[in-house]
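Trainee: Sharing coords_26.csv here; it has CSV, C-alpha atoms.
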```csv
chain,number,residue,atom,x,y,z
P,209,MET,CA,17.1,-0.4,-81.1
P,210,GLU,CA,15.2,-3.3,-79.6
P,211,LYS,CA,13.8,-3.7,-76.1
P,212,HIS,CA,12.2,-6.8,-74.5
P,213,ILE,CA,9.7,-6.7,-71.6
P,214,ASP,CA,8.6,-9.8,-69.8
P,215,ALA,CA,5.2,-8.8,-68.4
P,216,ARG,CA,3.9,-12.3,-67.8
P,217,GLY,CA,1.8,-12.5,-64.6
P,218,LEU,CA,1.7,-8.7,-64.1
P,219,ASN,CA,-1.6,-7.2,-63.1
P,220,CYS,CA,-3.3,-4.5,-65.2
P,221,PRO,CA,-2.1,-1.8,-66.0
P,222,GLN,CA,1.6,-2.8,-65.5
P,223,PRO,CA,2.1,-4.4,-69.0
P,224,VAL,CA,0.8,-1.3,-70.6
P,225,ILE,CA,2.9,1.1,-68.4
P,226,LEU,CA,6.1,-0.8,-69.0
P,227,THR,CA,5.5,-1.0,-72.7
P,228,LYS,CA,4.7,2.7,-72.9
P,229,LYS,CA,7.9,3.6,-71.1
P,230,ALA,CA,10.0,1.4,-73.4
P,231,LEU,CA,8.4,3.0,-76.4
P,232,GLU,CA,9.1,6.5,-75.1
P,233,GLU,CA,12.8,5.6,-74.5
P,234,ILE,CA,13.4,4.8,-78.2
P,235,LYS,CA,13.2,7.0,-81.3
P,236,GLU,CA,12.8,4.1,-83.6
P,237,GLY,CA,13.0,0.3,-83.4
P,238,ARG,CA,11.1,-2.6,-81.8
P,239,VAL,CA,9.7,-3.3,-78.4
P,240,VAL,CA,8.7,-6.9,-77.7
P,241,THR,CA,6.3,-7.3,-74.8
P,242,ILE,CA,5.5,-10.9,-73.6
P,243,VAL,CA,2.2,-11.4,-71.7
P,244,ASN,CA,0.3,-14.5,-70.8
P,245,SER,CA,-3.3,-13.2,-70.8
P,246,GLU,CA,-5.7,-12.2,-73.6
P,247,THR,CA,-6.6,-9.0,-71.7
P,248,ALA,CA,-3.0,-7.9,-71.4
P,249,ARG,CA,-2.5,-8.7,-75.1
P,250,GLU,CA,-5.4,-6.5,-76.1
P,251,ASN,CA,-4.5,-3.7,-73.8
P,252,VAL,CA,-0.9,-3.6,-75.1
P,253,LYS,CA,-2.1,-3.8,-78.7
P,254,LYS,CA,-4.5,-0.8,-78.1
P,255,LEU,CA,-1.6,1.2,-76.6
P,256,ALA,CA,0.5,0.5,-79.6
P,257,HIS,CA,-2.2,1.6,-82.0
P,258,SER,CA,-2.9,4.7,-79.9
P,259,MET,CA,0.8,5.6,-80.4
P,260,THR,CA,0.5,5.0,-84.1
P,261,CYS,CA,2.9,2.0,-84.0
P,262,SER,CA,2.5,-1.2,-86.0
P,263,VAL,CA,2.0,-4.4,-84.2
P,264,ASP,CA,2.6,-8.1,-84.8
P,265,ILE,CA,1.4,-10.7,-82.3
P,266,GLN,CA,2.6,-14.3,-82.0
P,267,ASP,CA,1.2,-17.0,-79.7
P,268,ILE,CA,4.2,-19.1,-78.6
P,269,GLY,CA,3.5,-21.8,-76.1
P,270,GLY,CA,0.5,-19.9,-74.6
P,271,ASP,CA,2.4,-16.7,-74.2
P,272,TYR,CA,1.8,-13.7,-76.5
P,273,HIS,CA,4.9,-12.1,-78.0
P,274,ILE,CA,3.8,-8.6,-79.0
P,275,SER,CA,6.2,-6.9,-81.4
P,276,ILE,CA,5.7,-3.2,-81.6
P,277,PHE,CA,7.5,-1.2,-84.3
P,278,LYS,CA,8.2,2.5,-83.9
P,279,GLY,CA,9.6,4.5,-86.7
P,280,LYS,CA,11.1,8.0,-86.9
P,281,SER,CA,7.9,9.4,-88.5
P,282,LEU,CA,5.8,7.8,-85.9
P,283,ALA,CA,7.3,9.5,-82.9
P,284,VAL,CA,5.4,9.5,-79.7
P,285,PRO,CA,4.3,13.1,-78.7
P,286,GLU,CA,6.1,14.4,-75.7
P,287,PHE,CA,3.9,15.7,-72.8
P,288,GLU,CA,5.1,17.1,-69.6
P,289,ASN,CA,2.8,15.4,-67.1
P,290,VAL,CA,2.6,18.1,-64.4
P,291,ALA,CA,-0.6,19.2,-62.7
P,292,GLY,CA,-1.7,22.6,-63.5
P,293,ARG,CA,-4.8,24.7,-63.5
P,294,ASN,CA,-6.7,22.5,-66.0
P,295,GLY,CA,-9.9,22.4,-63.9
P,296,LEU,CA,-10.0,18.6,-63.8
P,297,ILE,CA,-11.3,17.5,-60.3
P,298,ILE,CA,-11.5,13.9,-59.2
P,299,LEU,CA,-13.9,13.2,-56.4
P,300,ILE,CA,-13.3,9.8,-54.7
P,301,GLY,CA,-16.2,8.9,-52.4
P,302,SER,CA,-15.2,5.3,-51.6
P,303,ASP,CA,-12.1,3.3,-50.9
P,304,ASN,CA,-13.1,0.8,-53.6
P,305,PHE,CA,-13.9,1.2,-57.3
P,306,GLY,CA,-17.3,0.2,-58.6
P,307,SER,CA,-19.9,-2.0,-57.1
P,308,GLY,CA,-19.7,-5.7,-56.5
P,309,ASP,CA,-16.9,-7.5,-54.6
P,310,ARG,CA,-15.2,-5.2,-52.1
P,311,THR,CA,-11.8,-6.9,-52.4
P,312,LEU,CA,-11.8,-6.5,-56.2
P,313,GLY,CA,-13.0,-2.9,-55.8
P,314,GLN,CA,-10.0,-2.1,-53.6
P,315,ILE,CA,-7.6,-3.7,-56.1
P,316,LEU,CA,-9.2,-1.6,-58.9
P,317,MET,CA,-9.0,1.6,-56.9
P,318,LYS,CA,-5.3,1.1,-56.1
P,319,ALA,CA,-4.7,0.4,-59.8
P,320,TYR,CA,-6.6,3.5,-60.9
P,321,ILE,CA,-4.7,5.8,-58.5
P,322,SER,CA,-1.4,4.2,-59.6
P,323,THR,CA,-2.3,4.7,-63.3
P,324,LEU,CA,-3.1,8.4,-62.8
P,325,VAL,CA,0.7,9.0,-62.3
P,326,GLU,CA,1.3,7.7,-65.9
P,327,VAL,CA,-1.5,9.5,-67.8
P,328,CYS,CA,-2.0,13.0,-69.2
P,329,PRO,CA,-3.4,15.3,-68.1
P,330,LEU,CA,-3.0,15.0,-64.4
P,331,PRO,CA,-5.9,16.2,-62.3
P,332,GLU,CA,-5.7,19.6,-60.7
P,333,THR,CA,-7.3,18.3,-57.5
P,334,ILE,CA,-8.3,14.9,-56.0
P,335,ILE,CA,-10.9,15.1,-53.2
P,336,PHE,CA,-11.5,12.2,-50.8
P,337,LEU,CA,-14.8,11.9,-49.1
P,338,ASN,CA,-16.7,9.3,-47.1
P,339,SER,CA,-14.7,6.0,-47.0
P,340,GLY,CA,-12.5,7.4,-49.8
P,341,VAL,CA,-10.5,9.1,-47.0
P,342,ASN,CA,-9.1,5.7,-46.1
P,343,LEU,CA,-7.0,5.9,-49.2
P,344,SER,CA,-5.1,8.9,-47.8
P,345,VAL,CA,-4.2,7.6,-44.4
P,346,GLU,CA,-1.5,5.4,-42.9
P,347,GLY,CA,-1.7,1.8,-44.1
P,348,SER,CA,-3.3,2.6,-47.4
P,349,GLY,CA,-2.0,0.7,-50.4
P,350,ALA,CA,-2.4,3.8,-52.5
P,351,LEU,CA,0.0,6.0,-50.6
P,352,GLU,CA,3.0,5.5,-52.8
P,353,ALA,CA,1.1,6.7,-55.9
P,354,LEU,CA,-0.6,9.5,-54.0
P,355,HIS,CA,2.8,10.8,-52.7
P,356,LYS,CA,4.0,10.8,-56.4
P,357,LEU,CA,0.9,12.7,-57.5
P,358,GLU,CA,1.4,15.3,-54.8
P,359,LYS,CA,5.0,15.8,-55.8
P,360,MET,CA,3.8,16.3,-59.4
P,361,GLY,CA,1.6,19.1,-58.2
P,362,VAL,CA,-1.8,17.4,-57.7
P,363,GLU,CA,-3.7,19.0,-54.8
P,364,LEU,CA,-5.0,16.2,-52.4
P,365,LEU,CA,-7.8,17.1,-50.1
P,366,SER,CA,-9.5,14.8,-47.5
P,367,CYS,CA,-12.8,15.7,-45.9
P,368,GLY,CA,-12.3,16.5,-42.2
P,369,THR,CA,-15.7,15.4,-41.2
P,370,CYS,CA,-15.1,12.0,-42.9
P,371,LEU,CA,-11.7,11.6,-41.3
P,372,ASP,CA,-13.3,12.3,-37.9
P,373,TYR,CA,-16.2,9.9,-38.6
P,374,TYR,CA,-13.8,7.0,-39.4
P,375,GLN,CA,-11.6,8.1,-36.5
P,376,VAL,CA,-8.5,8.3,-38.8
P,377,LYS,CA,-7.7,12.1,-38.8
P,378,GLU,CA,-4.5,11.6,-36.9
P,379,LYS,CA,-3.4,9.0,-39.4
P,380,LEU,CA,-3.7,11.3,-42.5
P,381,ALA,CA,-0.5,10.5,-44.4
P,382,VAL,CA,-0.8,12.6,-47.6
P,383,GLY,CA,-2.5,15.9,-48.6
P,384,GLN,CA,-4.5,18.2,-46.4
P,385,VAL,CA,-7.7,18.2,-44.4
P,386,THR,CA,-10.5,20.2,-46.0
P,387,ASN,CA,-14.1,21.1,-45.4
P,388,MET,CA,-17.4,21.0,-47.3
P,389,TYR,CA,-17.2,24.6,-48.3
P,390,THR,CA,-13.9,24.1,-50.1
P,391,ILE,CA,-15.1,20.9,-51.6
P,392,ALA,CA,-18.2,22.6,-53.0
P,393,GLU,CA,-16.2,25.5,-54.3
P,394,LYS,CA,-13.7,23.2,-56.0
P,395,MET,CA,-16.4,21.2,-57.7
P,396,ASN,CA,-18.4,24.3,-58.7
P,397,ASN,CA,-15.4,26.0,-60.3
P,398,GLY,CA,-13.9,22.9,-61.9
P,399,GLU,CA,-14.1,22.6,-65.7
P,400,ASN,CA,-14.6,18.8,-65.4
P,401,THR,CA,-15.4,16.7,-62.4
P,402,ILE,CA,-15.1,12.9,-62.3
P,403,VAL,CA,-16.9,11.2,-59.5
P,404,LEU,CA,-15.9,7.7,-58.4
```
With the file now loaded, output its structure as structure tokens.
Mentor:
Amino acid sequence: MEKHIDARGLNCPQPVILTKKALEEIKEGRVVTIVNSETARENVKKLAHSMTCSVDIQDIGGDYHISIFKGKSLAVPEFENVAGRNGLIILIGSDNFGSGDRTLGQILMKAYISTLVEVCPLPETIIFLNSGVNLSVEGSGALEALHKLEKMGVELLSCGTCLDYYQVKEKLAVGQVTNMYTIAEKMNNGENTIVL
């Protein structure tokens, strides 16, 4: 079986996600992913190695043709990516990821939330505080991914005080309003808390 993916011009992490899905759809064969950036080339290569597949890369006219070979003995492990009681809590305290340029930070945060849909394990709970609540309200670019995460069983909680402060409580579009007591309880009882 052979599959071809043209991921030229796609932003991170789309080339990796498309390649991963194609590899999961075949028992054995070759997936050829075409990208036009060194970063995408390296990310797809790392994915292939993480899935114990062999890789051959050719530079053709400035585009990278990444051939990934998957054999029967190198099957990708199957995971059911459904949120459970794994104790993984993600606390999002800002509507942008990292420090530096705000526009870039917002792009990165949207990409991070979209990528959570594709990775294992899913978090048990995502808590939005401070300007992070802007991700869970009408007009947020992250809503599509957040709705998917909620359907997959991830609990989404937005701080009521923060929603009031930013005057967006009536615009909450996904998840539930919560309070600091519940937030403290979730964080104290969580097995692993990631703070962004």
Trainee: Using only C-alpha atoms and a cutoff of 12 Å, can you tell me which residues are near (-19.2, 22.2, -46.3) in the file's coordinates, and write them out as a list in words?
Mentor: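 Applying the cut-off with only C-alpha atoms, one gets Leu337, Cys367, Gly368, Thr369, Cys370, Thr386, Asn387, Met388, Tyr389, Thr390, Ile391, Ala392, Glu393, Lys394 and Met395 of chain P.
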Trainee: May I ask which of the residues P:Met209, P:Val243, P:Cys220, P:Ile268 is the closest one to Ile315 (chain P), counting all atoms listed in the file?
Mentor: P:Cys220
Trainee: Residues at most 6 Å from Leu364 (chain P), counting all atoms listed in the file, excluding those fewer than 3 positions away in the same chain, as a short mmCIF file (atom, residue, chain, number, x, y, z; two decimals) with C-alpha atoms, in the frame of the given file?
Mentor:
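Just written: part-v1.cif:
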```
data_model
loop_
_atom_site.label_atom_id
_atom_site.label_comp_id
_atom_site.auth_asym_id
_atom_site.auth_seq_id
_atom_site.Cartn_x
_atom_site.Cartn_y
_atom_site.Cartn_z
CA THR P 333 -7.30 18.30 -57.50
CA ILE P 334 -8.30 14.90 -56.00
CA GLY P 383 -2.50 15.90 -48.60
#
```
Trainee: At what distance in Å, to one decimal, does CA of Glu326 (chain P) lie from CA of Ala350 (chain P)?
Mentor: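 Here the two named atoms are 14.4 Å from each other.
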Trainee: Pick from P:Tyr374, P:Phe336, P:Ile265, P:Leu231: nearest to Leu354 (chain P), with all atoms listed in the file counted?
Mentor: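 Closest candidate: P:Phe336.
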Trainee: Check the smallest atom-to-atom distance from each of P:Gly279, P:Gly313, P:Pro329, P:Gly295 to Glu399 (chain P) using all atoms listed in the file, then report the winner.
Mentor: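 Nearest to Glu399 (chain P): P:Gly295.
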Trainee: From the options P:Ser366, P:Gln314, P:Thr227, P:Ser302, which residue's atoms come nearest to Val239 (chain P), counting only C-alpha atoms?
Mentor: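 Closest candidate: P:Thr227.
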Trainee: Using Å and a single decimal, report how far CA of Thr323 (chain P) sits from CA of Glu250 (chain P).
Mentor: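 If I compute the distance from CA of Glu250 (chain P) to CA of Thr323 (chain P), I get 17.3 Å.
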